[in-house]
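The file entry_38.cif contains mmCIF, C-alpha atoms:
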```
data_final
loop_
_atom_site.label_atom_id
_atom_site.label_comp_id
_atom_site.auth_asym_id
_atom_site.auth_seq_id
_atom_site.Cartn_x
_atom_site.Cartn_y
_atom_site.Cartn_z
CA MET K 297 -194.35 -123.26 -67.37
CA LYS K 298 -197.14 -124.30 -65.04
CA TYR K 299 -196.04 -125.75 -61.68
CA VAL K 300 -192.52 -124.45 -62.32
CA ASP K 301 -192.54 -120.69 -62.84
CA GLU K 302 -194.56 -120.02 -59.71
CA TYR K 303 -191.92 -121.84 -57.68
CA ARG K 304 -189.02 -119.79 -59.04
CA ASP K 305 -190.28 -116.25 -58.40
CA PRO K 306 -187.34 -114.15 -57.10
CA GLU K 307 -189.61 -111.77 -55.19
CA LEU K 308 -191.31 -114.61 -53.35
CA ALA K 309 -187.86 -116.03 -52.63
CA ARG K 310 -186.84 -112.76 -50.99
CA HIS K 311 -190.01 -112.78 -48.88
CA LEU K 312 -189.23 -116.28 -47.69
CA ALA K 313 -185.61 -115.33 -47.04
CA GLN K 314 -186.82 -112.44 -44.93
CA ARG K 315 -189.19 -114.67 -42.98
CA ILE K 316 -186.34 -117.10 -42.30
CA ALA K 317 -183.91 -114.37 -41.26
CA GLU K 318 -186.43 -112.83 -38.88
CA ARG K 319 -187.02 -116.09 -37.04
CA VAL K 320 -183.40 -117.16 -36.65
CA GLU K 321 -182.32 -117.08 -33.03
CA PRO K 322 -179.38 -114.69 -32.46
CA GLY K 323 -176.11 -116.47 -31.83
CA ARG K 324 -177.45 -119.90 -32.77
CA HIS K 325 -175.94 -122.03 -35.54
CA TYR K 326 -178.32 -124.34 -37.36
CA LYS K 327 -177.52 -127.49 -39.32
CA PHE K 328 -180.24 -128.89 -41.58
CA MET K 329 -179.61 -132.03 -43.60
CA GLU K 330 -181.26 -132.75 -46.91
CA VAL K 331 -181.15 -136.51 -47.38
CA CYS K 332 -182.15 -136.40 -51.01
CA GLY K 333 -179.71 -136.03 -53.89
CA GLY K 334 -182.30 -134.12 -55.88
CA HIS K 335 -182.39 -131.50 -53.15
CA THR K 336 -178.60 -131.28 -53.07
CA HIS K 337 -178.61 -130.69 -56.80
CA ALA K 338 -181.32 -128.02 -56.55
CA ILE K 339 -179.64 -126.25 -53.64
CA TYR K 340 -176.43 -125.77 -55.62
CA ARG K 341 -178.10 -125.18 -58.94
CA TYR K 342 -180.36 -122.39 -57.69
CA GLY K 343 -177.99 -121.00 -55.06
CA VAL K 344 -180.51 -121.60 -52.26
CA GLN K 345 -177.81 -121.22 -49.62
CA ASP K 346 -177.27 -117.65 -50.81
CA TYR K 347 -180.77 -116.72 -49.64
CA LEU K 348 -180.14 -117.98 -46.13
CA PRO K 349 -178.60 -116.27 -43.14
CA GLU K 350 -175.06 -117.43 -42.43
CA ALA K 351 -176.36 -119.03 -39.24
CA ILE K 352 -178.05 -121.73 -41.32
CA GLU K 353 -175.82 -124.45 -42.73
CA LEU K 354 -177.20 -126.99 -45.18
CA VAL K 355 -175.58 -130.40 -44.80
CA HIS K 356 -175.79 -132.89 -47.64
CA GLY K 357 -176.78 -136.42 -46.73
CA PRO K 358 -176.53 -139.86 -48.35
CA GLY K 359 -179.53 -139.44 -50.65
CA CYS K 360 -177.84 -140.37 -53.88
CA PRO K 361 -178.03 -144.16 -54.40
CA VAL K 362 -175.25 -144.10 -56.97
CA CYS K 363 -173.02 -142.44 -54.39
CA VAL K 364 -173.66 -144.99 -51.65
CA ILE K 365 -173.21 -148.10 -53.79
CA PRO K 366 -170.06 -149.93 -52.69
CA MET K 367 -167.49 -150.59 -55.39
CA GLY K 368 -167.83 -154.34 -54.95
CA ARG K 369 -171.43 -154.32 -56.22
CA ILE K 370 -170.18 -152.81 -59.49
CA ASP K 371 -167.54 -155.53 -59.73
CA ASP K 372 -170.12 -158.24 -58.98
CA ALA K 373 -172.35 -157.16 -61.86
CA THR K 374 -169.35 -156.77 -64.16
CA ALA K 375 -168.26 -160.32 -63.32
CA ILE K 376 -171.70 -161.66 -64.28
CA ALA K 377 -171.76 -159.64 -67.49
CA GLU K 378 -168.30 -160.87 -68.49
CA SER K 379 -168.70 -164.52 -67.50
CA GLU K 380 -172.22 -165.34 -68.70
CA GLN K 381 -172.49 -166.02 -72.39
CA ASP K 382 -175.14 -164.04 -74.27
CA MET K 383 -175.60 -161.66 -71.34
CA ILE K 384 -176.81 -158.09 -71.83
CA LEU K 385 -176.34 -155.99 -68.69
CA THR K 386 -178.66 -152.97 -68.59
CA CYS K 387 -178.51 -150.02 -66.23
CA PHE K 388 -179.39 -146.35 -65.86
CA GLY K 389 -176.97 -144.01 -67.60
CA ASP K 390 -175.52 -142.42 -64.50
CA LEU K 391 -174.25 -145.81 -63.34
CA MET K 392 -171.95 -146.28 -66.31
CA ARG K 393 -169.08 -144.24 -64.89
CA VAL K 394 -169.25 -145.41 -61.27
CA PRO K 395 -165.82 -146.82 -60.50
CA GLY K 396 -165.52 -150.38 -59.26
CA GLY K 397 -162.35 -152.15 -58.23
CA ARG K 398 -161.89 -153.30 -61.85
CA GLY K 399 -163.08 -150.10 -63.44
CA SER K 400 -166.52 -148.93 -64.44
CA PHE K 401 -169.20 -150.44 -66.67
CA LEU K 402 -167.82 -148.22 -69.42
CA ASP K 403 -164.45 -149.92 -68.97
CA ALA K 404 -166.11 -153.34 -69.00
CA ARG K 405 -167.93 -152.43 -72.19
CA ALA K 406 -164.63 -151.41 -73.74
CA ARG K 407 -163.31 -154.88 -72.81
CA GLY K 408 -166.18 -156.44 -74.74
CA ALA K 409 -169.06 -156.86 -72.30
CA ASP K 410 -172.51 -156.01 -73.69
CA ILE K 411 -173.67 -153.27 -71.33
CA ARG K 412 -176.48 -150.96 -72.39
CA VAL K 413 -178.15 -147.89 -70.93
CA VAL K 414 -181.91 -147.95 -70.40
CA TYR K 415 -184.24 -145.24 -69.16
CA SER K 416 -186.56 -147.65 -67.35
CA PRO K 417 -186.46 -151.28 -66.22
CA LEU K 418 -189.48 -151.70 -68.49
CA ASP K 419 -187.15 -150.95 -71.40
CA ALA K 420 -184.81 -153.70 -70.17
CA LEU K 421 -187.74 -156.13 -70.13
CA ARG K 422 -188.70 -155.10 -73.65
CA LEU K 423 -185.09 -155.73 -74.71
CA ALA K 424 -185.37 -159.26 -73.28
CA VAL K 425 -188.61 -159.91 -75.16
CA ASP K 426 -187.03 -158.63 -78.37
CA ASN K 427 -183.91 -160.80 -77.88
CA PRO K 428 -185.12 -164.26 -76.83
CA ASP K 429 -181.70 -165.82 -77.49
CA ARG K 430 -179.99 -163.46 -75.03
CA HIS K 431 -180.34 -162.95 -71.25
CA VAL K 432 -181.03 -159.40 -70.09
CA MET K 433 -180.06 -158.45 -66.54
CA PHE K 434 -181.17 -155.11 -65.13
CA TYR K 435 -178.97 -153.44 -62.49
CA ALA K 436 -181.66 -152.09 -60.18
CA ILE K 437 -180.64 -149.20 -57.96
CA GLY K 438 -182.42 -146.37 -56.21
CA PHE K 439 -184.51 -145.47 -53.21
CA GLU K 440 -188.24 -146.04 -52.82
CA THR K 441 -189.01 -143.76 -55.75
CA THR K 442 -187.32 -146.14 -58.15
CA ALA K 443 -188.24 -149.45 -56.50
CA PRO K 444 -191.84 -149.33 -57.83
CA SER K 445 -190.61 -149.34 -61.44
CA THR K 446 -188.52 -152.45 -60.72
CA ALA K 447 -191.46 -154.04 -58.89
CA LEU K 448 -193.82 -153.41 -61.79
CA THR K 449 -191.26 -154.77 -64.25
CA LEU K 450 -190.89 -157.97 -62.22
CA GLN K 451 -194.67 -158.38 -62.07
CA ARG K 452 -194.99 -157.90 -65.83
CA ALA K 453 -192.09 -160.26 -66.54
CA LYS K 454 -193.77 -162.97 -64.49
CA ALA K 455 -197.21 -162.33 -65.97
CA GLU K 456 -195.80 -162.46 -69.50
CA GLY K 457 -193.79 -165.61 -68.77
CA VAL K 458 -190.48 -164.03 -69.78
CA THR K 459 -187.63 -166.40 -68.92
CA ASN K 460 -184.57 -164.49 -70.14
CA PHE K 461 -184.79 -161.52 -67.79
CA SER K 462 -183.42 -160.93 -64.29
CA VAL K 463 -182.79 -158.16 -61.80
CA PHE K 464 -179.55 -157.52 -59.91
CA CYS K 465 -181.17 -155.73 -57.01
CA ASN K 466 -179.49 -152.87 -55.15
CA HIS K 467 -182.51 -150.90 -54.03
CA VAL K 468 -181.99 -149.12 -50.71
CA THR K 469 -184.42 -147.66 -48.20
CA ILE K 470 -184.26 -144.18 -46.73
CA ILE K 471 -185.32 -144.64 -43.10
CA PRO K 472 -182.38 -146.87 -42.00
CA ALA K 473 -179.99 -144.39 -43.62
CA ILE K 474 -181.49 -141.54 -41.59
CA LYS K 475 -181.17 -143.67 -38.45
CA ALA K 476 -177.51 -144.35 -39.25
CA ILE K 477 -176.89 -140.64 -39.73
CA LEU K 478 -178.48 -139.87 -36.36
CA ASP K 479 -176.37 -142.57 -34.71
CA SER K 480 -173.18 -141.02 -36.10
CA PRO K 481 -171.22 -139.32 -33.32
CA ASP K 482 -169.58 -136.96 -35.82
CA LEU K 483 -172.60 -134.93 -36.67
CA ARG K 484 -175.09 -132.82 -34.75
CA LEU K 485 -178.16 -131.87 -36.70
CA ASP K 486 -181.11 -129.62 -35.92
CA ALA K 487 -183.57 -130.83 -38.54
CA PHE K 488 -184.10 -132.74 -41.76
CA ILE K 489 -185.40 -131.63 -45.14
CA GLY K 490 -187.35 -134.74 -46.11
CA PRO K 491 -187.14 -136.31 -49.59
CA GLY K 492 -189.99 -135.32 -51.88
CA HIS K 493 -190.49 -138.14 -54.32
CA VAL K 494 -189.40 -140.93 -51.98
CA SER K 495 -192.20 -139.66 -49.76
CA THR K 496 -194.58 -139.77 -52.72
CA VAL K 497 -194.21 -143.54 -52.43
CA ILE K 498 -193.73 -144.11 -48.67
CA GLY K 499 -195.78 -141.17 -47.36
CA ASN K 500 -195.07 -138.99 -44.34
CA ARG K 501 -195.81 -141.43 -41.54
CA PRO K 502 -192.47 -143.33 -41.64
CA TYR K 503 -190.79 -140.13 -40.39
CA GLU K 504 -192.89 -139.77 -37.24
CA TRP K 505 -190.21 -141.36 -35.03
CA ILE K 506 -187.83 -138.51 -35.94
CA SER K 507 -190.06 -135.89 -34.39
CA ARG K 508 -191.26 -138.16 -31.56
CA ASP K 509 -188.05 -139.92 -30.47
CA GLU K 510 -185.36 -137.52 -31.68
CA GLU K 511 -187.44 -134.39 -31.04
CA MET K 512 -186.29 -133.07 -34.38
CA PRO K 513 -188.34 -131.32 -37.10
CA ILE K 514 -188.56 -132.84 -40.56
CA VAL K 515 -190.27 -131.10 -43.46
CA VAL K 516 -190.89 -133.03 -46.69
CA ALA K 517 -189.96 -130.70 -49.52
CA GLY K 518 -190.36 -130.22 -53.24
CA PHE K 519 -187.56 -129.49 -55.67
CA GLU K 520 -188.04 -125.96 -56.86
CA PRO K 521 -186.11 -123.16 -55.13
CA LEU K 522 -189.21 -121.79 -53.42
CA ASP K 523 -190.10 -125.29 -52.20
CA LEU K 524 -186.74 -125.51 -50.47
CA LEU K 525 -186.89 -122.01 -49.03
CA GLU K 526 -190.40 -122.56 -47.73
CA SER K 527 -189.35 -125.87 -46.17
CA ILE K 528 -186.47 -124.17 -44.42
CA ALA K 529 -188.83 -121.43 -43.22
CA MET K 530 -191.15 -124.11 -41.84
CA ILE K 531 -188.24 -125.75 -40.02
CA VAL K 532 -187.07 -122.46 -38.56
CA ASP K 533 -190.64 -121.72 -37.45
CA GLN K 534 -190.82 -125.11 -35.71
CA LEU K 535 -187.52 -124.53 -33.91
CA ALA K 536 -188.49 -120.99 -32.90
CA ASP K 537 -191.81 -122.27 -31.56
CA GLY K 538 -190.19 -125.19 -29.74
CA ARG K 539 -192.01 -127.73 -31.93
CA ALA K 540 -190.72 -130.96 -33.49
CA GLU K 541 -193.16 -132.20 -36.12
CA VAL K 542 -193.37 -133.95 -39.46
CA GLU K 543 -194.66 -131.36 -41.90
CA ASN K 544 -195.36 -131.66 -45.59
CA GLN K 545 -194.39 -128.68 -47.73
CA TYR K 546 -194.83 -130.79 -50.89
CA ALA K 547 -198.53 -131.48 -50.32
CA ARG K 548 -199.29 -130.88 -53.98
CA VAL K 549 -197.67 -134.27 -54.60
CA VAL K 550 -197.08 -136.17 -51.35
CA ARG K 551 -199.93 -137.84 -49.44
CA ASP K 552 -199.65 -138.96 -45.82
CA ASP K 553 -199.98 -142.62 -46.78
CA GLY K 554 -197.84 -142.40 -49.91
CA ASN K 555 -198.83 -144.68 -52.76
CA PRO K 556 -200.23 -147.89 -51.19
CA VAL K 557 -200.51 -149.66 -54.57
CA ALA K 558 -196.83 -149.10 -55.31
CA LEU K 559 -195.91 -150.17 -51.77
CA ARG K 560 -197.87 -153.42 -52.20
CA ALA K 561 -196.03 -154.11 -55.46
CA ILE K 562 -192.68 -153.62 -53.72
CA ALA K 563 -193.77 -155.94 -50.89
CA ASP K 564 -194.86 -158.53 -53.46
CA THR K 565 -191.62 -158.57 -55.40
CA MET K 566 -188.93 -157.65 -52.88
CA THR K 567 -187.98 -158.34 -49.27
CA LEU K 568 -185.62 -156.60 -46.88
CA ARG K 569 -182.02 -157.78 -46.81
CA PRO K 570 -180.69 -158.56 -43.35
CA TRP K 571 -177.76 -156.21 -44.00
CA PHE K 572 -176.45 -154.08 -46.84
CA GLU K 573 -173.19 -152.19 -47.17
CA TRP K 574 -173.43 -148.47 -47.82
CA ARG K 575 -170.45 -146.53 -48.96
CA GLY K 576 -169.40 -144.25 -46.13
CA LEU K 577 -171.98 -145.54 -43.68
CA GLY K 578 -170.92 -149.18 -43.40
CA SER K 579 -173.33 -152.12 -43.14
CA ILE K 580 -176.82 -151.06 -42.15
CA LYS K 581 -179.44 -153.54 -40.97
CA HIS K 582 -182.60 -153.90 -43.09
CA SER K 583 -181.53 -151.02 -45.32
CA ALA K 584 -181.89 -152.61 -48.75
CA LEU K 585 -184.16 -154.83 -50.81
CA GLN K 586 -183.62 -158.13 -52.57
CA VAL K 587 -185.85 -159.98 -55.00
CA SER K 588 -188.44 -161.99 -53.09
CA GLU K 589 -188.71 -165.77 -53.06
CA ARG K 590 -191.88 -165.49 -55.13
CA TYR K 591 -189.84 -163.95 -57.95
CA ALA K 592 -186.72 -166.09 -57.45
CA ASP K 593 -186.58 -166.99 -61.14
CA PHE K 594 -185.92 -163.31 -61.87
CA ASP K 595 -183.25 -162.85 -59.20
CA ALA K 596 -179.82 -162.49 -60.80
CA GLU K 597 -178.16 -163.29 -57.48
CA ARG K 598 -179.89 -166.67 -57.42
CA ARG K 599 -179.48 -167.42 -61.11
CA PHE K 600 -175.81 -166.52 -61.48
CA SER K 601 -172.62 -166.92 -59.52
CA VAL K 602 -171.94 -163.65 -57.68
CA PRO K 603 -168.35 -163.23 -56.47
CA GLY K 604 -169.36 -161.02 -53.52
CA VAL K 605 -166.43 -158.70 -54.13
CA ARG K 606 -165.43 -156.35 -51.33
CA VAL K 607 -163.27 -153.42 -52.35
CA ALA K 608 -161.82 -150.79 -50.05
CA ASP K 609 -162.40 -147.21 -51.17
CA PRO K 610 -159.34 -145.41 -52.58
CA LYS K 611 -157.40 -143.87 -49.72
CA ALA K 612 -157.51 -140.40 -51.22
CA CYS K 613 -161.28 -140.50 -51.50
CA GLN K 614 -163.31 -138.97 -48.68
CA CYS K 615 -166.76 -139.77 -50.05
CA GLY K 616 -167.68 -141.43 -46.78
CA GLU K 617 -167.21 -138.23 -44.82
CA VAL K 618 -169.04 -136.24 -47.49
CA LEU K 619 -171.95 -138.70 -47.46
CA LYS K 620 -172.28 -138.38 -43.70
CA GLY K 621 -172.25 -134.61 -43.98
CA VAL K 622 -169.07 -134.36 -41.93
CA LEU K 623 -167.07 -132.86 -44.78
CA LYS K 624 -168.19 -130.38 -47.40
CA PRO K 625 -167.32 -131.45 -50.96
CA TRP K 626 -164.61 -128.84 -51.37
CA GLU K 627 -162.96 -129.98 -48.14
CA CYS K 628 -162.09 -133.36 -49.68
CA LYS K 629 -158.38 -133.57 -50.50
CA VAL K 630 -158.90 -134.59 -54.12
CA PHE K 631 -161.98 -132.48 -54.96
CA GLY K 632 -161.63 -130.72 -58.28
CA THR K 633 -158.03 -131.85 -58.77
CA ALA K 634 -157.58 -135.60 -59.03
CA CYS K 635 -161.34 -136.13 -58.74
CA THR K 636 -163.58 -134.42 -61.30
CA PRO K 637 -166.80 -135.43 -63.07
CA GLU K 638 -164.70 -136.46 -66.09
CA THR K 639 -162.37 -138.65 -64.01
CA PRO K 640 -164.18 -139.42 -60.77
CA ILE K 641 -162.38 -141.19 -57.97
CA GLY K 642 -165.34 -141.20 -55.65
CA THR K 643 -168.98 -141.86 -56.39
CA CYS K 644 -170.10 -138.46 -55.08
CA MET K 645 -168.43 -136.98 -58.16
CA VAL K 646 -170.14 -139.38 -60.60
CA SER K 647 -173.82 -138.70 -60.28
CA SER K 648 -174.97 -135.18 -61.05
CA GLU K 649 -176.86 -135.32 -57.78
CA GLY K 650 -173.88 -136.39 -55.76
CA ALA K 651 -172.81 -133.56 -53.48
CA CYS K 652 -169.37 -133.23 -55.08
CA ALA K 653 -170.59 -133.17 -58.67
CA ALA K 654 -173.40 -130.78 -57.80
CA TYR K 655 -170.97 -128.42 -56.10
CA TYR K 656 -168.42 -128.83 -58.90
CA ASN K 657 -171.01 -127.96 -61.56
CA PHE K 658 -172.94 -125.20 -59.85
CA GLY K 659 -171.29 -124.08 -56.65
CA LYS K 660 -167.79 -123.27 -57.78
CA ALA K 661 -168.58 -120.06 -59.53
CA ALA K 662 -168.39 -117.22 -57.10
CA ARG K 663 -171.87 -115.96 -56.52
CA GLN K 664 -172.66 -112.69 -55.03
CA ARG K 665 -174.59 -113.20 -51.88
CA VAL K 666 -178.11 -112.00 -52.39
CA GLU K 667 -178.59 -108.72 -50.68
CA LEU K 668 -181.48 -109.20 -48.38
CA LYS K 669 -183.22 -106.06 -47.38
CA VAL K 670 -184.25 -107.55 -44.12
CA LYS K 671 -183.74 -106.73 -40.53
CA THR K 672 -181.87 -109.52 -38.84
CA HIS K 673 -181.35 -109.90 -35.15
CA THR K 674 -177.95 -108.69 -34.04
CA MET L 223 -185.29 -131.44 -68.97
CA VAL L 224 -186.14 -134.79 -70.42
CA SER L 225 -187.15 -134.83 -74.06
CA MET L 226 -189.38 -137.61 -75.17
CA SER L 227 -190.64 -139.30 -78.27
CA ASP L 228 -192.92 -142.28 -78.68
CA ARG L 229 -190.22 -144.91 -78.49
CA SER L 230 -187.21 -143.38 -76.89
CA VAL L 231 -186.18 -140.95 -74.27
CA THR L 232 -182.96 -139.06 -74.20
CA ILE L 233 -181.65 -137.21 -71.23
CA GLU L 234 -180.32 -133.88 -72.34
CA GLU L 235 -179.59 -132.41 -68.98
CA ASP L 236 -177.32 -133.55 -66.21
CA VAL L 237 -179.99 -135.35 -64.28
CA CYS L 238 -179.67 -138.59 -62.41
CA ILE L 239 -182.52 -141.06 -62.70
CA THR L 240 -181.47 -143.27 -59.86
CA CYS L 241 -181.47 -140.56 -57.26
CA GLY L 242 -185.14 -141.17 -57.43
CA ASP L 243 -186.13 -137.61 -57.21
CA VAL L 244 -186.01 -136.98 -60.89
CA ALA L 245 -189.66 -137.22 -61.81
CA VAL L 246 -191.63 -135.35 -64.42
CA ALA L 247 -195.27 -134.31 -64.57
CA LEU L 248 -197.03 -135.50 -67.73
CA GLU L 249 -200.59 -135.29 -69.02
CA VAL L 250 -202.48 -138.43 -69.97
CA VAL L 251 -203.53 -138.43 -73.62
CA SER L 252 -205.00 -141.92 -73.98
CA VAL L 253 -205.18 -145.09 -71.91
CA ASP L 254 -204.53 -148.65 -73.10
CA GLY L 255 -204.83 -151.16 -70.26
CA GLY L 256 -201.98 -150.61 -67.80
CA ASP L 257 -200.24 -148.14 -70.07
CA ALA L 258 -201.06 -144.60 -71.07
CA LEU L 259 -199.75 -142.32 -73.75
CA CYS L 260 -198.67 -139.19 -71.91
CA ARG L 261 -197.58 -135.80 -73.12
CA ALA L 262 -195.04 -133.37 -71.70
CA GLU L 263 -195.38 -129.59 -71.79
CA ASP L 264 -192.99 -129.48 -74.75
CA GLY L 265 -195.34 -131.72 -76.75
CA GLY L 266 -193.20 -134.86 -76.56
CA THR L 267 -195.05 -138.06 -75.80
CA GLU L 268 -194.15 -141.23 -73.96
CA VAL L 269 -195.88 -144.49 -73.04
CA VAL L 270 -196.08 -144.70 -69.26
CA ALA L 271 -197.18 -147.54 -66.96
CA VAL L 272 -200.11 -146.29 -64.91
CA GLU L 273 -201.09 -149.30 -62.77
CA PHE L 274 -199.98 -147.56 -59.57
CA VAL L 275 -202.22 -144.54 -60.14
CA ALA L 276 -205.20 -146.22 -61.81
CA PRO L 277 -207.76 -145.27 -62.85
CA VAL L 278 -206.59 -142.43 -65.03
CA VAL L 279 -208.43 -140.70 -67.84
CA PRO L 280 -207.27 -138.35 -70.59
CA GLY L 281 -206.48 -134.97 -69.11
CA ASP L 282 -205.20 -136.33 -65.79
CA ARG L 283 -201.69 -135.27 -64.79
CA VAL L 284 -199.33 -137.88 -63.41
CA LEU L 285 -195.88 -137.78 -61.85
CA VAL L 286 -193.61 -140.14 -63.77
CA HIS L 287 -190.35 -141.72 -62.73
CA ALA L 288 -188.49 -144.13 -65.04
CA ARG L 289 -191.60 -144.52 -67.23
CA VAL L 290 -193.79 -145.49 -64.30
CA ALA L 291 -196.40 -143.11 -62.88
CA ILE L 292 -196.04 -142.95 -59.10
CA GLU L 293 -198.70 -140.35 -58.28
CA LYS L 294 -201.70 -138.65 -59.77
CA LEU L 295 -201.40 -134.87 -59.44
#
```

Would you put the structure from the file into structure tokens?
Amino acid sequence: MKYVDEYRDPELARHLAQRIAERVEPGRHYKFMEVCGGHTHAIYRYGVQDYLPEAIELVHGPGCPVCVIPMGRIDDATAIAESEQDMILTCFGDLMRVPGGRGSFLDARARGADIRVVYSPLDALRLAVDNPDRHVMFYAIGFETTAPSTALTLQRAKAEGVTNFSVFCNHVTIIPAIKAILDSPDLRLDAFIGPGHVSTVIGNRPYEWISRDEEMPIVVAGFEPLDLLESIAMIVDQLADGRAEVENQYARVVRDDGNPVALRAIADTMTLRPWFEWRGLGSIKHSALQVSERYADFDAERRFSVPGVRVADPKACQCGEVLKGVLKPWECKVFGTACTPETPIGTCMVSSEGACAAYYNFGKAARQRVELKVKTHT
Amino acid sequence: MVSMSDRSVTIEEDVCITCGDVAVALEVVSVDGGDALCRAEDGGTEVVAVEFVAPVVPGDRVLVHARVAIEKL
């Protein structure tokens, strides 16, 4: 398959692995964080870690929006769905099993709430148009990759004069999360693997402060195994050369300025929240979006009574430490026992791109470490 | 992978839309205002919003997330 097969060639992977191994500094331990859930998924799925020298540790960051959503935001939407007559709550499928304080959306649906899975917010809008006697609320969630689809839906809803549609907005932004990670005293990182499709929208420039102020490399990466290995090779090259730069391994998709049209649509329909709570990271300033004043008629938080529920995470759950990269998934006390993808306690086990679910699905099986016929420094 | 038909999309694999980095490359078949009929490599088709990557013409390849094209490839 074009654009796929050429990025999964085992021989090229071995060449990249050799290049990485040859440039690793003897005696040094490296920690690279991928902040994107898609990368976490790919790393486990393709066994990328197995191609790396043991000196390189990949740390999984908070790049899965489902994983960082606080339980109270699930309960808030459930409360609206259960209290408003004729309400249809719509959401992406992976949100259905996220546990809130009063259970998940699946549980609420079992209690009688009308909660439906959609593939796109545009489908939720179409549902509203097709059901003029009902109100359709879309639970918007995701980083800057997903925000454009919500923005476009809001613009179309307004242009079409739809009055029975609203958005419960939980979009988050990647840069404040990276800043929060860097401010965490628990973690020392050497570099970041930058998110590929988020950067398709925001571009490479928003990362420049990481190389300038933190003197840390960041390489925006694609999602195939060779993309990730090449990105890691580029990071290792930077560190070996004493450089700290923003580099773009995913240039076949990502432009320096991102997608300005999509960014304008987001700016038109949404504004930054003063604060937003992230699971595991606490409240982070200007880290999330809310529906803008211009689109107030479509803002579920303005139209309906929102309880503002705050729920403490279950004591056994260590998602917060996993999300900050302090703990590996298998180091959590309930991983794979009380907490599994079928019965998740923590959000990291819900989404397939959460670090725990990804490791549970792909990392558990013992894999033979790839024998690299390379000379490594000793 | 994601399998598509004209009116519906089902997710057959354990992918997560909201993580934002699930996006698929599709080829534009025809354009109708802000929407375009696009085709995947497996032959499945889907109507995609293309305002953010306009103008597009048949044969262009676009990166699609949640039925919205976010980049022209």

Practice item. Give as a PyMOL selection string the residues that the PyMOL selection byres ((chain K) within 9 of (chain L)) matches when applied to the coordinates above. Key: chain K and resi 297-298+332-335+337+359-362+388-391+415-419+436-445+448+491-494+496-497+519+548-550+554-558+561+647-650

Exercise for review: Record the distance separating atom CA of K:Asp429 and atom CA of L:Val269, expressed in Å with one decimal.
Suggested key: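 Taking atom CA of K:Asp429 as the start and atom CA of L:Val269 as the end point, the length is 26.0 Å.
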
For K:Lys629, please output as a PDB file with C-alpha atoms, in the frame of the given file all residues within 10 Å (counting all atoms listed in the file; exclusion window: fewer than 3 positions along the same chain).
```
ATOM      1  CA  ALA K 612    -157.510-140.400 -51.220  1.00  0.00           C
ATOM      2  CA  CYS K 613    -161.280-140.500 -51.500  1.00  0.00           C
ATOM      3  CA  GLN K 614    -163.310-138.970 -48.680  1.00  0.00           C
ATOM      4  CA  PRO K 625    -167.320-131.450 -50.960  1.00  0.00           C
ATOM      5  CA  TRP K 626    -164.610-128.840 -51.370  1.00  0.00           C
ATOM      6  CA  GLY K 632    -161.630-130.720 -58.280  1.00  0.00           C
ATOM      7  CA  THR K 633    -158.030-131.850 -58.770  1.00  0.00           C
ATOM      8  CA  ALA K 634    -157.580-135.600 -59.030  1.00  0.00           C
ATOM      9  CA  CYS K 635    -161.340-136.130 -58.740  1.00  0.00           C
TER      10      CYS K 635
END
```

Study note, to complete from the structure: From atom CA of K:Arg304 to atom CA of K:Gly538 the spacing works out at 29.8 Å

**Study point:** Picked residues, the PyMOL selection byres ((chain L and resi 254) around 12), as a PyMOL selection string
**Key:** chain L and resi 250-253+255-260+269-273+276-280

Exercise for review: List, as an MDAnalysis selection string, every residue that the PyMOL selection byres ((chain K and resi 596) around 7) selects in the file provided.
Suggested key: chainID K and resid 462:464 594:595 597:600

Output as AutoDock Vina command-line options the centre and edge lengths (Å, one decimal) of the box along x, y and z of the file that holds every listed atom of stretch 507-526 of chain K after adding 6 Å on each side.
```
--center_x -188.3 --center_y -130.9 --center_z -43.7 --size_x 17.9 --size_y 30.1 --size_z 38.4
```

Cut-off 12 Å: closest stretch 517-631 of chain K/stretch 346-351 of chain K atom pairs per residue, using only C-alpha atoms, as CSV:
```
residue,atom,partner,partner_atom,distance
K:Pro521,CA,K:Tyr347,CA,10.0
K:Leu522,CA,K:Tyr347,CA,10.5
K:Leu524,CA,K:Tyr347,CA,10.7
K:Leu525,CA,K:Tyr347,CA,8.1
K:Glu526,CA,K:Leu348,CA,11.3
K:Ile528,CA,K:Leu348,CA,9.0
K:Ala529,CA,K:Leu348,CA,9.8
K:Val532,CA,K:Leu348,CA,11.2
```

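Considering the residues K:Gly368, K:Gly343, K:Pro322, K:Gly642 and counting all atoms listed in the file, K:Gly604 has its shortest atom-to-atom contact with K:Gly368.
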
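Here atom CA of K:Val587 is placed at a distance of 6.6 Å from atom CA of K:Cys465.
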
Review point. If you count only C-alpha atoms, which residues fall within 9 Å of K:Asn427, apart from same-chain ones fewer than 5 positions away, as a VMD selection string?
Key: chain K and resid 422 432 460

Output for the residues just chosen: C-alpha atoms as a tab-separated table (two decimals), keeping the file's coordinate frame:
```tsv
chain	number	residue	atom	x	y	z
K	422	ARG	CA	-188.70	-155.10	-73.65
K	432	VAL	CA	-181.03	-159.40	-70.09
K	460	ASN	CA	-184.57	-164.49	-70.14
```

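The nearest approach to K:Asn500 among the residues K:Tyr326, K:Phe461, K:Tyr546, K:Tyr340, with only C-alpha atoms taken into account, belongs to K:Tyr546.
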
Practice item. Name the residues in contact with K:Asp403 at a cut-off of 12 Å, using only C-alpha atoms, excluding same-chain residues fewer than 5 positions from it; report them as a PyMOL selection string. Key: chain K and resi 370-371+374+378+392-398+408-411

Review point. Of the candidates K:Glu353, K:Asp609, K:Asp564, K:Asp523, which one gets nearest to K:Leu308 if we count all atoms listed in the file?
Key: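 Among the listed residues, the smallest separation from K:Leu308 belongs to K:Asp523.
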